[in-house]
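Containing mmCIF, C-alpha atoms; chains and numbers go by the auth columns: target12.cif.
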```cif
data_run
#
loop_
_atom_site.group_PDB
_atom_site.id
_atom_site.type_symbol
_atom_site.label_atom_id
_atom_site.label_comp_id
_atom_site.label_asym_id
_atom_site.label_seq_id
_atom_site.Cartn_x
_atom_site.Cartn_y
_atom_site.Cartn_z
_atom_site.B_iso_or_equiv
_atom_site.auth_seq_id
_atom_site.auth_asym_id
ATOM 1 C CA MET A 1 -35.172 -19.364 43.792 0.00 2 A
ATOM 2 C CA SER A 2 -38.853 -18.516 43.771 0.00 3 A
ATOM 3 C CA SER A 3 -38.551 -16.493 46.998 0.00 4 A
ATOM 4 C CA ILE A 4 -35.676 -14.412 45.566 0.00 5 A
ATOM 5 C CA ARG A 5 -37.681 -13.785 42.393 0.00 6 A
ATOM 6 C CA SER A 6 -40.702 -12.701 44.464 0.00 7 A
ATOM 7 C CA VAL A 7 -38.519 -9.991 46.078 0.00 8 A
ATOM 8 C CA LEU A 8 -36.436 -8.943 43.057 0.00 9 A
ATOM 9 C CA VAL A 9 -39.298 -8.511 40.574 0.00 10 A
ATOM 10 C CA PRO A 10 -41.263 -5.995 42.705 0.00 11 A
ATOM 11 C CA LEU A 11 -38.011 -4.212 43.596 0.00 12 A
ATOM 12 C CA ALA A 12 -37.100 -3.917 39.904 0.00 13 A
ATOM 13 C CA VAL A 13 -40.576 -2.526 39.147 0.00 14 A
ATOM 14 C CA VAL A 14 -40.233 0.104 41.888 0.00 15 A
ATOM 15 C CA VAL A 15 -36.765 1.140 40.688 0.00 16 A
ATOM 16 C CA ALA A 16 -37.952 1.370 37.063 0.00 17 A
ATOM 17 C CA ALA A 17 -40.997 3.424 38.085 0.00 18 A
ATOM 18 C CA GLY A 18 -38.800 5.801 40.093 0.00 19 A
ATOM 19 C CA ALA A 19 -36.394 6.228 37.169 0.00 20 A
ATOM 20 C CA ALA A 20 -39.281 6.876 34.773 0.00 21 A
ATOM 21 C CA PHE A 21 -40.714 9.469 37.158 0.00 22 A
ATOM 22 C CA ALA A 22 -37.342 11.237 37.392 0.00 23 A
ATOM 23 C CA VAL A 23 -37.008 11.361 33.602 0.00 24 A
ATOM 24 C CA VAL A 24 -40.569 12.598 33.036 0.00 25 A
ATOM 25 C CA THR A 25 -40.448 15.300 35.712 0.00 26 A
ATOM 26 C CA GLY A 26 -36.910 16.391 34.908 0.00 27 A
ATOM 27 C CA LEU A 27 -35.492 15.684 38.339 0.00 28 A
ATOM 28 C CA ARG A 28 -31.719 15.960 38.560 0.00 29 A
ATOM 29 C CA GLY A 29 -29.231 14.835 41.097 0.00 30 A
ATOM 30 C CA GLY A 30 -27.343 17.341 43.198 0.00 31 A
ATOM 31 C CA ASP A 31 -28.330 20.322 45.239 0.00 32 A
ATOM 32 C CA ALA A 32 -31.460 22.103 43.920 0.00 33 A
ATOM 33 C CA GLN A 33 -30.244 25.401 45.414 0.00 34 A
ATOM 34 C CA ALA A 34 -27.047 25.169 43.357 0.00 35 A
ATOM 35 C CA GLN A 35 -29.131 25.149 40.176 0.00 36 A
ATOM 36 C CA LEU A 36 -30.787 28.488 40.974 0.00 37 A
ATOM 37 C CA PRO A 37 -29.246 31.753 39.828 0.00 38 A
ATOM 38 C CA ALA A 38 -27.323 33.589 42.513 0.00 39 A
ATOM 39 C CA ALA A 39 -29.416 35.996 44.546 0.00 40 A
ATOM 40 C CA GLY A 40 -28.356 39.579 44.166 0.00 41 A
ATOM 41 C CA PRO A 41 -29.766 42.873 45.315 0.00 42 A
ATOM 42 C CA ALA A 42 -33.313 43.453 44.114 0.00 43 A
ATOM 43 C CA PRO A 43 -33.673 46.224 41.549 0.00 44 A
ATOM 44 C CA VAL A 44 -35.408 49.351 42.840 0.00 45 A
ATOM 45 C CA SER A 45 -37.827 51.679 41.060 0.00 46 A
ATOM 46 C CA ALA A 46 -38.068 55.060 42.757 0.00 47 A
ATOM 47 C CA PRO A 47 -41.033 56.053 40.500 0.00 48 A
ATOM 48 C CA ILE A 48 -43.016 52.911 41.475 0.00 49 A
ATOM 49 C CA GLU A 49 -42.193 53.430 45.146 0.00 50 A
ATOM 50 C CA ALA A 50 -43.193 57.107 45.005 0.00 51 A
ATOM 51 C CA GLY A 51 -46.256 56.607 42.804 0.00 52 A
ATOM 52 C CA TYR A 52 -47.705 53.371 44.139 0.00 53 A
ATOM 53 C CA GLY A 53 -46.074 52.859 47.536 0.00 54 A
ATOM 54 C CA LEU A 54 -44.699 49.427 46.603 0.00 55 A
ATOM 55 C CA ARG A 55 -41.179 47.992 46.783 0.00 56 A
ATOM 56 C CA PHE A 56 -40.729 44.742 44.867 0.00 57 A
ATOM 57 C CA GLN A 57 -38.262 42.277 46.375 0.00 58 A
ATOM 58 C CA ARG A 58 -38.129 39.096 44.351 0.00 59 A
ATOM 59 C CA ALA A 59 -39.801 36.744 41.910 0.00 60 A
ATOM 60 C CA THR A 60 -39.656 32.985 42.279 0.00 61 A
ATOM 61 C CA LEU A 61 -41.300 30.056 40.564 0.00 62 A
ATOM 62 C CA ALA A 62 -43.867 28.116 42.565 0.00 63 A
ATOM 63 C CA MET A 63 -46.053 25.073 42.009 0.00 64 A
ATOM 64 C CA GLN A 64 -43.569 23.246 39.747 0.00 65 A
ATOM 65 C CA GLY A 65 -43.091 26.367 37.618 0.00 66 A
ATOM 66 C CA GLY A 66 -46.797 26.935 37.004 0.00 67 A
ATOM 67 C CA LEU A 67 -46.883 30.185 38.987 0.00 68 A
ATOM 68 C CA VAL A 68 -44.598 33.189 39.351 0.00 69 A
ATOM 69 C CA ASP A 69 -44.617 34.365 42.975 0.00 70 A
ATOM 70 C CA VAL A 70 -43.797 38.089 43.208 0.00 71 A
ATOM 71 C CA ARG A 71 -42.997 39.412 46.694 0.00 72 A
ATOM 72 C CA PHE A 72 -43.255 43.069 47.675 0.00 73 A
ATOM 73 C CA THR A 73 -43.534 45.414 50.646 0.00 74 A
ATOM 74 C CA ILE A 74 -46.231 48.051 50.949 0.00 75 A
ATOM 75 C CA LEU A 75 -44.579 51.349 51.806 0.00 76 A
ATOM 76 C CA ASP A 76 -47.753 53.454 51.780 0.00 77 A
ATOM 77 C CA THR A 77 -51.221 51.871 51.932 0.00 78 A
ATOM 78 C CA LEU A 78 -53.019 54.862 50.363 0.00 79 A
ATOM 79 C CA ARG A 79 -50.730 54.942 47.333 0.00 80 A
ATOM 80 C CA ALA A 80 -50.871 51.133 47.023 0.00 81 A
ATOM 81 C CA GLU A 81 -54.683 51.027 47.079 0.00 82 A
ATOM 82 C CA PRO A 82 -55.177 51.462 43.286 0.00 83 A
ATOM 83 C CA VAL A 83 -52.929 48.443 42.650 0.00 84 A
ATOM 84 C CA ILE A 84 -53.647 46.009 45.480 0.00 85 A
ATOM 85 C CA GLY A 85 -56.751 43.957 46.026 0.00 86 A
ATOM 86 C CA HIS A 86 -59.516 42.437 44.016 0.00 87 A
ATOM 87 C CA LEU A 87 -61.023 45.774 42.958 0.00 88 A
ATOM 88 C CA SER A 88 -57.720 47.341 41.871 0.00 89 A
ATOM 89 C CA ARG A 89 -57.882 49.936 39.100 0.00 90 A
ATOM 90 C CA GLU A 90 -54.264 49.451 37.971 0.00 91 A
ATOM 91 C CA ARG A 91 -52.757 46.108 37.021 0.00 92 A
ATOM 92 C CA VAL A 92 -49.319 44.829 37.860 0.00 93 A
ATOM 93 C CA LYS A 93 -47.951 42.944 34.856 0.00 94 A
ATOM 94 C CA LEU A 94 -44.823 40.897 34.289 0.00 95 A
ATOM 95 C CA VAL A 95 -42.869 41.191 31.045 0.00 96 A
ATOM 96 C CA ASP A 96 -40.398 38.520 29.958 0.00 97 A
ATOM 97 C CA GLN A 97 -37.442 40.638 28.874 0.00 98 A
ATOM 98 C CA ALA A 98 -36.147 38.007 26.422 0.00 99 A
ATOM 99 C CA THR A 99 -39.361 37.815 24.378 0.00 100 A
ATOM 100 C CA GLY A 100 -41.404 40.873 25.378 0.00 101 A
ATOM 101 C CA THR A 101 -44.299 38.576 26.287 0.00 102 A
ATOM 102 C CA VAL A 102 -46.604 40.042 28.943 0.00 103 A
ATOM 103 C CA LEU A 103 -48.022 37.947 31.780 0.00 104 A
ATOM 104 C CA ASP A 104 -51.218 39.707 32.777 0.00 105 A
ATOM 105 C CA THR A 105 -52.768 36.725 34.474 0.00 106 A
ATOM 106 C CA ARG A 106 -52.659 37.671 38.115 0.00 107 A
ATOM 107 C CA THR A 107 -54.398 34.935 40.052 0.00 108 A
ATOM 108 C CA MET A 108 -54.002 35.892 43.670 0.00 109 A
ATOM 109 C CA THR A 109 -53.316 39.147 45.503 0.00 110 A
ATOM 110 C CA PRO A 110 -53.773 40.429 49.025 0.00 111 A
ATOM 111 C CA GLY A 111 -57.312 41.384 49.965 0.00 112 A
ATOM 112 C CA ASP A 112 -58.602 44.941 50.000 0.00 113 A
ATOM 113 C CA SER A 113 -58.602 45.415 53.750 0.00 114 A
ATOM 114 C CA ASN A 114 -56.116 45.319 56.585 0.00 115 A
ATOM 115 C CA LEU A 115 -53.096 46.271 54.494 0.00 116 A
ATOM 116 C CA ILE A 116 -50.232 47.404 56.715 0.00 117 A
ATOM 117 C CA ALA A 117 -47.351 49.627 55.640 0.00 118 A
ATOM 118 C CA GLY A 118 -44.017 47.882 56.120 0.00 119 A
ATOM 119 C CA GLU A 119 -45.477 44.379 55.769 0.00 120 A
ATOM 120 C CA GLY A 120 -44.572 41.917 53.023 0.00 121 A
ATOM 121 C CA TYR A 121 -47.181 40.623 50.563 0.00 122 A
ATOM 122 C CA TYR A 122 -47.311 38.540 47.384 0.00 123 A
ATOM 123 C CA MET A 123 -48.968 38.317 43.985 0.00 124 A
ATOM 124 C CA LEU A 124 -49.187 35.083 42.019 0.00 125 A
ATOM 125 C CA PHE A 125 -49.175 35.036 38.213 0.00 126 A
ATOM 126 C CA ARG A 126 -49.917 32.053 35.960 0.00 127 A
ATOM 127 C CA ASN A 127 -46.774 31.111 34.076 0.00 128 A
ATOM 128 C CA SER A 128 -48.586 30.450 30.824 0.00 129 A
ATOM 129 C CA GLY A 129 -46.803 27.878 28.708 0.00 130 A
ATOM 130 C CA GLY A 130 -43.842 27.736 31.113 0.00 131 A
ATOM 131 C CA LEU A 131 -42.417 30.910 29.569 0.00 132 A
ATOM 132 C CA ILE A 132 -40.627 32.022 32.744 0.00 133 A
ATOM 133 C CA HIS A 133 -37.901 29.775 34.178 0.00 134 A
ATOM 134 C CA PRO A 134 -35.152 30.133 36.813 0.00 135 A
ATOM 135 C CA GLY A 135 -32.740 32.776 35.554 0.00 136 A
ATOM 136 C CA SER A 136 -35.313 34.574 33.389 0.00 137 A
ATOM 137 C CA ARG A 137 -35.160 38.358 33.564 0.00 138 A
ATOM 138 C CA ILE A 138 -38.521 40.014 33.917 0.00 139 A
ATOM 139 C CA ALA A 139 -39.793 43.556 34.262 0.00 140 A
ATOM 140 C CA VAL A 140 -42.555 44.362 36.733 0.00 141 A
ATOM 141 C CA THR A 141 -44.808 47.023 35.231 0.00 142 A
ATOM 142 C CA ILE A 142 -47.622 49.185 36.556 0.00 143 A
ATOM 143 C CA GLY A 143 -49.151 51.432 33.902 0.00 144 A
ATOM 144 C CA LYS A 144 -46.235 53.160 32.165 0.00 145 A
ATOM 145 C CA LEU A 145 -43.811 52.558 35.045 0.00 146 A
ATOM 146 C CA GLU A 146 -41.386 49.651 34.846 0.00 147 A
ATOM 147 C CA LEU A 147 -38.970 47.831 37.136 0.00 148 A
ATOM 148 C CA PRO A 148 -36.665 45.899 34.770 0.00 149 A
ATOM 149 C CA GLY A 149 -33.961 43.384 35.602 0.00 150 A
ATOM 150 C CA VAL A 150 -35.745 41.197 38.160 0.00 151 A
ATOM 151 C CA VAL A 151 -34.040 37.782 38.009 0.00 152 A
ATOM 152 C CA VAL A 152 -36.452 34.915 38.624 0.00 153 A
ATOM 153 C CA ARG A 153 -35.332 32.264 41.083 0.00 154 A
#
```
Could I get this file's structure written as structure tokens?
Amino acid sequence: MSSIRSVLVPLAVVVAAGAAFAVVTGLRGGDAQAQLPAAGPAPVSAPIEAGYGLRFQRATLAMQGGLVDVRFTILDTLRAEPVIGHLSRERVKLVDQATGTVLDTRTMTPGDSNLIAGEGYYMLFRNSGGLIHPGSRIAVTIGKLELPGVVVR
């Protein structure tokens, strides 16, 4: 009886710890991909493409929802220069369309050199307070130009 108890007690502790972890972190059963909104065509902003040489493709949550990862392609490196890099003069901002809250907390962008037209790049934004979640609609803004209707995955 003692040998069974020595196996069952640690096993029960492990199972209880796993269940507690799942509850605390919000893990759910099932396919994680099925819980994401369906991917559709990315919205396009001809004024942003013409003015800044950027085409935005998607926004996804990263790092357990703590960051919003925005992916884009540089169409023209000269037009993108004021926006890209650590010394950029213009800021890309994200606006939560449900609340109007602006995320202007860019944390990571491509460097200032070796940008190549046609290549894909990313910007990471802090998701302050967990405002943005899968299915949120955001607008990507640069100055007065806006690309609304980007669905976060």
Checklist outcome for this item: Separating atom CA of A:Phe73 from atom CA of A:Pro44, to the nearest tenth of an Å, is a gap of 11.8 Å
Checklist entry - Quick one: of A:Glu147, A:Ala99, A:Ser89, A:Phe57, who's nearest to A:Asp70, counting all atoms listed in the file? => result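 Among A:Glu147, A:Ala99, A:Ser89, A:Phe57, it is A:Phe57 that comes nearest to A:Asp70.
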Kindly provide, as lines of an AutoDock Vina configuration file, the centre and edge lengths (Å, one decimal) of an axis-aligned box around all atoms of stretch 67-81 of chain A given in the file, with 3 Å on each side.
```
center_x = -48.0
center_y = 40.9
center_z = 44.5
size_x = 16.0
size_y = 34.0
size_z = 20.9
```
Checklist entry - atom CA of A:Thr142 and atom CA of A:Arg154, how far apart in Å? => result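 Value for the atom CA of A:Arg154-atom CA of A:Thr142 distance: 18.5 Å.
Distances from A:Ala118, A:Leu88, A:Ala51, A:Val141 to A:Thr74 were compared using all atoms listed in the file, and the smallest one belongs to A:Ala118.
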Next on the checklist: Env of A:Val93: 8 Å cut, atoms = only C-alpha atoms, seq-sep filter 2 positions within chain, self excluded. Answer as JSON, numbers by chain.
Outcome noted: {"A": [84, 91, 95, 105, 107, 141, 142, 143, 144]}
Checklist entry - Nearest to A:Pro83: which of A:Leu55, A:Val153, A:Leu148, A:Ile139 is it, counting only C-alpha atoms? => result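 That would be A:Leu55, the residue with the smallest distance to A:Pro83.
Between A:Ser129 and the candidates A:Gly67, A:Pro48, A:Gly86, A:Gly101, the tightest atom-to-atom separation, counting only C-alpha atoms, involves A:Gly67.
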Checklist entry - So how many Å separate atom CA of A:Tyr122 and atom CA of A:Leu76, to one decimal? => result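 The value is 11.1 Å.
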Written coordinates, N, CA, C and O atoms of stretch 78-91 of chain A as an mmCIF file, in the first residue's frame:
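The resulting file, out.cif, is shown below:
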```cif
data_model
loop_
_atom_site.group_PDB
_atom_site.id
_atom_site.type_symbol
_atom_site.label_atom_id
_atom_site.label_comp_id
_atom_site.auth_asym_id
_atom_site.auth_seq_id
_atom_site.Cartn_x
_atom_site.Cartn_y
_atom_site.Cartn_z
ATOM 1 N N THR A 78 12.770 51.901 -51.064
ATOM 2 C CA THR A 78 13.597 52.200 -49.885
ATOM 3 C C THR A 78 13.727 53.700 -49.630
ATOM 4 O O THR A 78 13.775 54.120 -48.475
ATOM 5 N N LEU A 79 13.775 54.517 -50.659
ATOM 6 C CA LEU A 79 13.899 55.973 -50.448
ATOM 7 C C LEU A 79 12.651 56.547 -49.803
ATOM 8 O O LEU A 79 12.739 57.384 -48.904
ATOM 9 N N ARG A 80 11.489 56.116 -50.253
ATOM 10 C CA ARG A 80 10.242 56.618 -49.654
ATOM 11 C C ARG A 80 10.027 56.042 -48.256
ATOM 12 O O ARG A 80 9.375 56.672 -47.418
ATOM 13 N N ALA A 81 10.563 54.858 -47.988
ATOM 14 C CA ALA A 81 10.383 54.228 -46.672
ATOM 15 C C ALA A 81 11.330 54.806 -45.620
ATOM 16 O O ALA A 81 11.069 54.692 -44.424
ATOM 17 N N GLU A 82 12.412 55.433 -46.068
ATOM 18 C CA GLU A 82 13.445 55.919 -45.152
ATOM 19 C C GLU A 82 12.925 56.790 -44.002
ATOM 20 O O GLU A 82 13.373 56.628 -42.871
ATOM 21 N N PRO A 83 11.983 57.721 -44.229
ATOM 22 C CA PRO A 83 11.511 58.538 -43.099
ATOM 23 C C PRO A 83 10.754 57.762 -42.028
ATOM 24 O O PRO A 83 10.535 58.255 -40.939
ATOM 25 N N VAL A 84 10.345 56.529 -42.343
ATOM 26 C CA VAL A 84 9.515 55.748 -41.424
ATOM 27 C C VAL A 84 10.280 54.611 -40.768
ATOM 28 O O VAL A 84 9.993 54.225 -39.642
ATOM 29 N N ILE A 85 11.259 54.069 -41.459
ATOM 30 C CA ILE A 85 11.941 52.851 -41.013
ATOM 31 C C ILE A 85 13.256 53.201 -40.334
ATOM 32 O O ILE A 85 13.966 54.092 -40.749
ATOM 33 N N GLY A 86 13.556 52.450 -39.306
ATOM 34 C CA GLY A 86 14.849 52.597 -38.644
ATOM 35 C C GLY A 86 14.761 53.359 -37.339
ATOM 36 O O GLY A 86 13.742 53.930 -36.992
ATOM 37 N N HIS A 87 15.854 53.380 -36.663
ATOM 38 C CA HIS A 87 15.909 53.956 -35.323
ATOM 39 C C HIS A 87 15.901 55.479 -35.335
ATOM 40 O O HIS A 87 15.581 56.106 -34.344
ATOM 41 N N LEU A 88 16.247 56.092 -36.443
ATOM 42 C CA LEU A 88 16.271 57.549 -36.542
ATOM 43 C C LEU A 88 15.108 58.069 -37.385
ATOM 44 O O LEU A 88 15.164 59.166 -37.923
ATOM 45 N N SER A 89 14.030 57.294 -37.479
ATOM 46 C CA SER A 89 12.903 57.673 -38.328
ATOM 47 C C SER A 89 12.281 58.984 -37.857
ATOM 48 O O SER A 89 12.231 59.287 -36.674
ATOM 49 N N ARG A 90 11.828 59.766 -38.834
ATOM 50 C CA ARG A 90 11.203 61.063 -38.549
ATOM 51 C C ARG A 90 9.687 60.928 -38.414
ATOM 52 O O ARG A 90 9.047 61.760 -37.807
ATOM 53 N N GLU A 91 9.117 59.917 -39.023
ATOM 54 C CA GLU A 91 7.677 59.647 -38.952
ATOM 55 C C GLU A 91 7.480 58.386 -38.123
ATOM 56 O O GLU A 91 8.298 57.481 -38.171
#
```
